[in-house]
Amino acid sequence: MNTVTPAIQNLARRLIALEAARIPSDGLGGAAVRACEKLRVPLARLAGVAGFRSLLARAVALATAEVPWLDSVQVRPDGALEGFDAAGRQPGAVLGGEAGTAVVAHLLGLLVTFIGDPLTLALVRDAWPDAPVDETERRAEGQL
Amino acid sequence: MSTDERVTIRKLPTGVPGLDEILGGGLPEYSFNIIAGAPGGGKTTLAHQVVFANATPARPALYFTVLGEPAIKMLRYQQQFEFFDPAKLNTAVRFINLSQVVLEKDLNAVLEEIVKEVEAASPGIVVVDSFRTVVRKAQAGTAELDLQGFVQKLALHLTSWEATTFLIGEYTEGEIRDNPVFTVSDGLFWLYQQVERNSIVRKLQVMKLRGQTSVPGLHTFRITAAGVQAFPRTFGLTGRAEKARDRRRLSSGVADLDGMLGGGIPEGDSLLVAGPSGTGKSVLATQFIAAGLRRGEPGIVAIFEERPDEYAERAANLGMDFETARHDGQLSVIYLRPLDLSVDETIREILDAVARTGAKRVAIDSLAGFEMALAPGFRADFRESLYRMIGALTRTGVTIVSTVEVTETFTELALSPYSISFLSDDIIRLRYVEIGGQLRKVLMVVKMRAGDHSKDIREYEITAEGFRVGGRLTGYHGLITGVPEPLHPGPGGEPGPGTPDPKE
């Protein structure tokens with residue numbers, strides 16, 4: 001079973017923050033969608049589009065247990081997230097940043113579960129060459 | 001064309017111990033190869049090992065996955081192997097999923113995709129896993145000629161871009177004929193997983209390899225945490241051992257026995273200790289190793305019937321401290337996994353230990369246990385296997401003492417159940433004799449290639465300190481039948497007075 005550690009949560013937050021800094025007007029929810037989109041490229045190359053879609057759908061399902069309003073979010077056949085913004089505008093849907101973090105963290109958590117943290121970090125570095133993710137930092141935080 | 005004018009085909013290391021030797025030095029660079037076999041045969045693991053051994057960021061390996069094992073799971077499992085280097089992922093080793101192209105498009109699109117990636121990365125190694133899936137998809141709606149054209153173009157392009165290629169596929173041997181993939185390939189490596197009664201034996205065959213001479217036949221291989229390790233079939237048959245005439249004599253650990261051997265066991269010899277159960281064969285082998293350890297000569301004991309701790313404990317009961325020697329690296333006790341061993345891996349294991357420890361003495365206890373540890377298919381060739389093993393070991397210069405159990409008969413003096421006496425330079429025979437209502441033990445040196453030896457038949461006992469060799473048994477005839485008769489019977493069946501040992 002996938003478990004998201006605090007280190008994975010932190011990594012997810014940092015990746016979303018990086019995306020948010022690029023287009024601040026999109027908010028944290030939009031940044032989370034773009035983070036997933038960025039992971040789609042190396043993951044689809046590795047696991048195929050269908051493989052990436054399966055992982056993201058699972059991540060959304062796991063995140064929905066923590067943020068119930070995510071249950072209307074869909075993963076399209078091409079692996080894109082659909083309905084994240086609309087879901088975030090529903091009554092009672094608050095904390096878009098936390099919802100986005102949950103999705104990205106669970107996606108990373110699934111990767112760590114399957115292929116381990118060194119390979120997961122390699123994929124993250126591939127998607128965000130400028131992301132502050134290095135071995136020293138990882139060691140300081142403990143294993144992902 | 002003279003040798004100097006011929007193009008030199010560089011050979012790439014496979015990263016698989018033993019395989020380069022089988023291939024005749026390595027993989028021909030820029031060759032187009034097939035790795036074929038049934039599911040679970042080790043095809044993907046072999047390809048990964050080659051990939052990680054050769055890929056560099058400048059000449060990376062492109063690993064195309066197609067519909068078979070999902071790449072995520074492949075990475076999950078393959079990273080368990082020691083050769084897997086996560087630092088190479090996405091730099092030197094790049095995985096590319098072609099599933100969608102294969103599912104949704106035609107062969108041309110697949111070729112286009114591969115060409116695009118190859119031209120972008122300029123890889124040294126390209127793997128398509130599984131190529132069989134590509135072909136199967138293609139065959140569903142493509143004429144055979146189109147498939148042949150696709151394979152031809154793929155081979156041409158990958159070779160032109162200086163890539164050494166591996167297509168992995170689950171094929172059966174019946175499919176080799178008329179298959180364009182096999183026709184185009186330069187190398188064809190077939191992996192088998194044979195079931196022999198309850199044992200599994202992995203074997204590989206180089207069915208085809210253009211440009212260089214490979215070793216024909218089936219070679220056993222094993223997959224461990226280190227990856228694939230192959231054992232060339234010719235292992236132990238090459239090279240020659242030179243034995244000097246005035247070789248050093250090694251003590252057997254039993255002074256009186258050394259005397260019978262003309263001063264000890266000639267260094268580099270293979271000595272066989274044959275006898276029925278309970279006659280002390282293992283004790284003698286243990287004393288031989290202990291004598292070496294006392295002189296600072298590292299030793300190796302290959303055991304098949306008991307575990308190393310049990311063996312060391314038994315030695316301790318005879319007053320020999322094997323635990324300290326094991327701890328200091330002076331003694332290696334090799335316990336080989338029983339029931340599905342191949343002879344080649346046994347030889348490899350012992351040879352590696354000899355190289356590692358600088359051993360001068362090796363005890364193999366026992367040949368019967370060794371035979372039982374082998375997968376059934378290898379037992380049929382046991383005699384040939386022993387020939388190779390003894391040959392390979394003696395070529396390293398070590399002195400070997402092997403034990404073999406023989407069934408005691410009272411009509412003949414059997415030396416071994418395997419007719420392997422010719423493999424041994426020296427033979428010591430232990431046997432029971434019935435004298436005066438007692439089962440006593442006698443030993444004799446039957447053969448010594450290096451020179452003269454005692455012709456005596458001497459009684460011995462096994463005490464808490466090991467072998468104690470007594471005097472020559474005189475006054476009887478028929479000792480080697482096991483039921484001797486006194487030459488001059490006394491009142492109780494013992495030899496009567498007046499039959500002294502002429503040597504005493």
# chains A, B, ... in the order shown; residues from 1 in each chain; ligands from 1
$ interface_residues --of "chain B" --to "chain A" --cutoff "12 Å" --atoms "only C-alpha atoms" --output "number ranges by chain"
B: 62-80, 84-91, 93-103, 113, 117
$ select_by_dssp --residues "stretch 5-124 of chain A" --states "strand (DSSP E or B)" --output "PyMOL selection string"
chain A and resi 74-75+81-82
$ residues_around --residues "stretch 61-68 of chain A" --least-positions-apart "2" --cutoff "8 Å" --atoms "only C-alpha atoms" --output "list in words"
Ala57, Arg58, Ala59, Leu70, Asp71, Ala99, Ala102, Val103 and His106 of chain A
$ residues_around --residues "stretch 396-410 of chain B" --least-positions-apart "4" --cutoff "6 Å" --atoms "only C-alpha atoms" --output "tab-separated table (two decimals) with all heavy atoms, in the first residue's frame"
chain	number	residue	atom	x	y	z
B	267	GLU	N	52.75	-32.61	-4.43
B	267	GLU	CA	52.02	-31.37	-4.62
B	267	GLU	C	51.40	-31.30	-6.01
B	267	GLU	O	52.07	-31.61	-7.01
B	267	GLU	CB	52.95	-30.17	-4.41
B	267	GLU	CG	52.20	-28.85	-4.40
B	267	GLU	CD	53.08	-27.70	-3.94
B	267	GLU	OE1	54.29	-27.76	-4.19
B	267	GLU	OE2	52.55	-26.76	-3.34
B	268	GLY	N	50.15	-30.90	-6.07
B	268	GLY	CA	49.46	-30.80	-7.37
B	268	GLY	C	48.75	-32.07	-7.78
B	268	GLY	O	48.11	-32.10	-8.83
B	269	ASP	N	48.86	-33.12	-6.96
B	269	ASP	CA	48.21	-34.39	-7.29
B	269	ASP	C	46.74	-34.38	-6.88
B	269	ASP	O	46.30	-33.58	-6.06
B	269	ASP	CB	48.91	-35.55	-6.57
B	269	ASP	CG	49.99	-36.17	-7.45
B	269	ASP	OD1	50.32	-35.57	-8.49
B	269	ASP	OD2	50.49	-37.25	-7.10
B	270	SER	N	46.03	-35.30	-7.46
B	270	SER	CA	44.65	-35.55	-7.04
B	270	SER	C	44.62	-36.92	-6.39
B	270	SER	O	44.93	-37.93	-7.03
B	270	SER	CB	43.74	-35.52	-8.27
B	270	SER	OG	42.50	-36.08	-7.95
B	271	LEU	N	44.31	-36.96	-5.12
B	271	LEU	CA	44.32	-38.22	-4.38
B	271	LEU	C	42.90	-38.63	-4.05
B	271	LEU	O	42.09	-37.79	-3.61
B	271	LEU	CB	45.14	-38.06	-3.10
B	271	LEU	CG	45.27	-39.29	-2.20
B	271	LEU	CD1	46.66	-39.37	-1.58
B	271	LEU	CD2	44.23	-39.30	-1.07
B	272	LEU	N	42.59	-39.89	-4.28
B	272	LEU	CA	41.26	-40.40	-4.00
B	272	LEU	C	41.33	-41.30	-2.78
B	272	LEU	O	42.17	-42.21	-2.71
B	272	LEU	CB	40.76	-41.20	-5.22
B	272	LEU	CG	39.34	-41.73	-5.18
B	272	LEU	CD1	38.34	-40.59	-5.27
B	272	LEU	CD2	39.12	-42.71	-6.33
B	273	VAL	N	40.46	-41.02	-1.81
B	273	VAL	CA	40.35	-41.89	-0.64
B	273	VAL	C	39.05	-42.66	-0.79
B	273	VAL	O	37.97	-42.07	-0.75
B	273	VAL	CB	40.33	-41.08	0.68
B	273	VAL	CG1	40.26	-42.02	1.87
B	273	VAL	CG2	41.55	-40.18	0.79
B	274	ALA	N	39.16	-43.96	-1.01
B	274	ALA	CA	37.97	-44.77	-1.26
B	274	ALA	C	37.77	-45.74	-0.11
B	274	ALA	O	38.73	-46.31	0.42
B	274	ALA	CB	38.14	-45.54	-2.58
B	275	GLY	N	36.54	-45.91	0.26
B	275	GLY	CA	36.24	-46.86	1.33
B	275	GLY	C	34.77	-46.86	1.65
B	275	GLY	O	34.04	-45.93	1.28
B	276	PRO	N	34.33	-47.88	2.38
B	276	PRO	CA	32.92	-47.93	2.73
B	276	PRO	C	32.58	-46.96	3.86
B	276	PRO	O	33.48	-46.35	4.45
B	276	PRO	CB	32.72	-49.38	3.17
B	276	PRO	CG	34.05	-49.83	3.62
B	276	PRO	CD	35.06	-49.06	2.83
B	281	LYS	N	36.96	-41.78	5.87
B	281	LYS	CA	37.39	-41.02	4.68
B	281	LYS	C	37.37	-39.52	4.96
B	281	LYS	O	38.32	-38.80	4.65
B	281	LYS	CB	36.45	-41.33	3.49
B	281	LYS	CG	36.39	-42.78	3.11
B	281	LYS	CD	35.46	-43.02	1.95
B	281	LYS	CE	34.01	-42.70	2.26
B	281	LYS	NZ	33.40	-43.55	3.31
B	360	LYS	N	46.15	-23.94	-1.20
B	360	LYS	CA	47.08	-24.94	-1.70
B	360	LYS	C	46.47	-26.34	-1.63
B	360	LYS	O	46.94	-27.26	-2.29
B	360	LYS	CB	48.35	-24.95	-0.84
B	360	LYS	CG	49.10	-23.64	-0.80
B	360	LYS	CD	49.83	-23.41	-2.10
B	360	LYS	CE	50.53	-22.06	-2.09
B	360	LYS	NZ	50.57	-21.49	-3.42
B	361	ARG	N	45.47	-26.48	-0.78
B	361	ARG	CA	44.85	-27.79	-0.58
B	361	ARG	C	43.33	-27.68	-0.74
B	361	ARG	O	42.72	-26.74	-0.24
B	361	ARG	CB	45.16	-28.31	0.83
B	361	ARG	CG	46.63	-28.52	1.09
B	361	ARG	CD	46.86	-28.86	2.55
B	361	ARG	NE	48.29	-29.04	2.82
B	361	ARG	CZ	48.80	-30.09	3.43
B	361	ARG	NH1	48.01	-31.06	3.87
B	361	ARG	NH2	50.10	-30.19	3.62
B	362	VAL	N	42.77	-28.68	-1.42
B	362	VAL	CA	41.31	-28.73	-1.57
B	362	VAL	C	40.85	-30.12	-1.19
B	362	VAL	O	41.43	-31.12	-1.61
B	362	VAL	CB	40.90	-28.44	-3.04
B	362	VAL	CG1	39.41	-28.68	-3.24
B	362	VAL	CG2	41.26	-27.02	-3.45
B	363	ALA	N	39.81	-30.18	-0.36
B	363	ALA	CA	39.20	-31.48	-0.04
B	363	ALA	C	37.78	-31.48	-0.60
B	363	ALA	O	37.04	-30.52	-0.40
B	363	ALA	CB	39.18	-31.69	1.47
B	364	ILE	N	37.45	-32.52	-1.32
B	364	ILE	CA	36.09	-32.66	-1.85
B	364	ILE	C	35.46	-33.84	-1.14
B	364	ILE	O	35.86	-35.00	-1.33
B	364	ILE	CB	36.10	-32.87	-3.38
B	364	ILE	CG1	36.73	-31.66	-4.05
B	364	ILE	CG2	34.68	-33.08	-3.89
B	364	ILE	CD1	37.05	-31.87	-5.52
B	365	ASP	N	34.50	-33.55	-0.29
B	365	ASP	CA	33.96	-34.57	0.60
B	365	ASP	C	32.44	-34.58	0.51
B	365	ASP	O	31.77	-33.75	1.11
B	365	ASP	CB	34.44	-34.25	2.03
B	365	ASP	CG	34.14	-35.37	3.00
B	365	ASP	OD1	33.86	-36.48	2.52
B	365	ASP	OD2	34.18	-35.12	4.21
B	366	SER	N	31.84	-35.42	-0.21
B	366	SER	CA	32.41	-36.53	-0.95
B	366	SER	C	31.92	-36.48	-2.40
B	366	SER	O	31.02	-35.71	-2.71
B	366	SER	CB	31.93	-37.83	-0.32
B	366	SER	OG	30.52	-37.97	-0.54
B	367	LEU	N	32.48	-37.34	-3.22
B	367	LEU	CA	32.04	-37.37	-4.61
B	367	LEU	C	30.61	-37.89	-4.71
B	367	LEU	O	29.84	-37.47	-5.57
B	367	LEU	CB	32.98	-38.26	-5.44
B	367	LEU	CG	34.42	-37.75	-5.58
B	367	LEU	CD1	35.22	-38.68	-6.49
B	367	LEU	CD2	34.48	-36.33	-6.13
B	416	SER	N	36.26	-47.36	-6.86
B	416	SER	CA	35.29	-46.26	-6.96
B	416	SER	C	34.10	-46.77	-7.76
B	416	SER	O	34.26	-47.58	-8.68
B	416	SER	CB	35.94	-45.08	-7.67
B	416	SER	OG	34.96	-44.31	-8.32
B	481	THR	N	40.18	-59.32	0.48
B	481	THR	CA	38.81	-59.82	0.25
B	481	THR	C	37.93	-59.43	1.43
B	481	THR	O	36.70	-59.50	1.34
B	481	THR	CB	38.80	-61.35	0.15
B	481	THR	OG1	39.19	-61.92	1.43
B	481	THR	CG2	39.73	-61.87	-0.93
B	482	GLY	N	38.54	-59.04	2.54
B	482	GLY	CA	37.76	-58.65	3.71
B	482	GLY	C	37.55	-59.81	4.67
B	482	GLY	O	37.17	-59.61	5.82
$ residues_around --residues "B:Arg440" --least-positions-apart "4" --cutoff "10 Å" --atoms "only C-alpha atoms" --output "PyMOL selection string"
chain B and resi 279+431-436+459-461+482
$ atom_distance --atom1 "atom CA of B:Pro232" --atom2 "atom CA of B:Pro180"
29.3 Å
$ atom_distance --atom1 "atom CA of B:Gly466" --atom2 "atom CA of B:Lys441"
13.7 Å
$ residues_around --residues "B:Gly217" --least-positions-apart "5" --cutoff "12 Å" --atoms "only C-alpha atoms" --output "PyMOL selection string"
chain B and resi 22-23+189-190+203-208+231-234
$ atom_distance --atom1 "atom CA of B:Thr133" --atom2 "atom CA of B:Gln152"
17.2 Å
$ residues_around --residues "B:Gly169" --least-positions-apart "6" --cutoff "6 Å" --atoms "only C-alpha atoms" --output "PyMOL selection string"
chain B and resi 36+130-132
$ closest_residue --among "B:Glu345, B:Asp381, B:Glu29, B:Asp258" --to "B:His453" --atoms "only C-alpha atoms"
B:Asp258
$ select_by_dssp --residues "stretch 139-337 of chain B" --states "alpha helix (DSSP H)" --output "number ranges by chain"
B: 139-141, 144-160, 180-184, 255-260, 281-294, 308-317, 322-327
$ decode --residues "stretch 424-436 of chain B" --atoms "N, CA, C and O atoms" --output "PDB file, in the first residue's frame"
ATOM      1  N   SER B 424      42.594 -40.116 -10.909  1.00  0.00           N
ATOM      2  CA  SER B 424      43.336 -39.843  -9.692  1.00  0.00           C
ATOM      3  C   SER B 424      44.794 -40.209  -9.871  1.00  0.00           C
ATOM      4  O   SER B 424      45.112 -41.260 -10.427  1.00  0.00           O
ATOM      5  N   ASP B 425      45.658 -39.343  -9.358  1.00  0.00           N
ATOM      6  CA  ASP B 425      47.086 -39.659  -9.413  1.00  0.00           C
ATOM      7  C   ASP B 425      47.420 -40.700  -8.356  1.00  0.00           C
ATOM      8  O   ASP B 425      48.284 -41.539  -8.556  1.00  0.00           O
ATOM      9  N   ASP B 426      46.723 -40.598  -7.241  1.00  0.00           N
ATOM     10  CA  ASP B 426      47.025 -41.465  -6.104  1.00  0.00           C
ATOM     11  C   ASP B 426      45.711 -41.998  -5.526  1.00  0.00           C
ATOM     12  O   ASP B 426      44.708 -41.277  -5.507  1.00  0.00           O
ATOM     13  N   ILE B 427      45.759 -43.236  -5.067  1.00  0.00           N
ATOM     14  CA  ILE B 427      44.547 -43.807  -4.466  1.00  0.00           C
ATOM     15  C   ILE B 427      44.896 -44.493  -3.147  1.00  0.00           C
ATOM     16  O   ILE B 427      45.840 -45.277  -3.069  1.00  0.00           O
ATOM     17  N   ILE B 428      44.127 -44.154  -2.138  1.00  0.00           N
ATOM     18  CA  ILE B 428      44.233 -44.853  -0.853  1.00  0.00           C
ATOM     19  C   ILE B 428      42.917 -45.591  -0.648  1.00  0.00           C
ATOM     20  O   ILE B 428      41.841 -45.013  -0.808  1.00  0.00           O
ATOM     21  N   ARG B 429      43.029 -46.855  -0.331  1.00  0.00           N
ATOM     22  CA  ARG B 429      41.816 -47.654  -0.136  1.00  0.00           C
ATOM     23  C   ARG B 429      41.707 -48.025   1.335  1.00  0.00           C
ATOM     24  O   ARG B 429      42.661 -48.530   1.941  1.00  0.00           O
ATOM     25  N   LEU B 430      40.549 -47.754   1.892  1.00  0.00           N
ATOM     26  CA  LEU B 430      40.244 -48.142   3.260  1.00  0.00           C
ATOM     27  C   LEU B 430      39.235 -49.284   3.179  1.00  0.00           C
ATOM     28  O   LEU B 430      38.359 -49.261   2.322  1.00  0.00           O
ATOM     29  N   ARG B 431      39.394 -50.269   4.056  1.00  0.00           N
ATOM     30  CA  ARG B 431      38.373 -51.320   4.031  1.00  0.00           C
ATOM     31  C   ARG B 431      38.264 -52.049   5.345  1.00  0.00           C
ATOM     32  O   ARG B 431      39.144 -51.964   6.202  1.00  0.00           O
ATOM     33  N   TYR B 432      37.141 -52.708   5.485  1.00  0.00           N
ATOM     34  CA  TYR B 432      36.907 -53.513   6.674  1.00  0.00           C
ATOM     35  C   TYR B 432      37.421 -54.925   6.425  1.00  0.00           C
ATOM     36  O   TYR B 432      37.337 -55.437   5.309  1.00  0.00           O
ATOM     37  N   VAL B 433      37.957 -55.505   7.495  1.00  0.00           N
ATOM     38  CA  VAL B 433      38.287 -56.943   7.423  1.00  0.00           C
ATOM     39  C   VAL B 433      37.745 -57.610   8.681  1.00  0.00           C
ATOM     40  O   VAL B 433      37.688 -57.001   9.755  1.00  0.00           O
ATOM     41  N   GLU B 434      37.339 -58.820   8.505  1.00  0.00           N
ATOM     42  CA  GLU B 434      36.818 -59.564   9.653  1.00  0.00           C
ATOM     43  C   GLU B 434      37.918 -60.479  10.158  1.00  0.00           C
ATOM     44  O   GLU B 434      38.407 -61.342   9.426  1.00  0.00           O
ATOM     45  N   ILE B 435      38.359 -60.210  11.375  1.00  0.00           N
ATOM     46  CA  ILE B 435      39.426 -61.021  11.959  1.00  0.00           C
ATOM     47  C   ILE B 435      39.038 -61.381  13.392  1.00  0.00           C
ATOM     48  O   ILE B 435      38.715 -60.489  14.192  1.00  0.00           O
ATOM     49  N   GLY B 436      39.075 -62.618  13.655  1.00  0.00           N
ATOM     50  CA  GLY B 436      38.842 -63.088  15.024  1.00  0.00           C
ATOM     51  C   GLY B 436      37.545 -62.572  15.610  1.00  0.00           C
ATOM     52  O   GLY B 436      37.505 -62.157  16.776  1.00  0.00           O
TER      53      GLY B 436
END
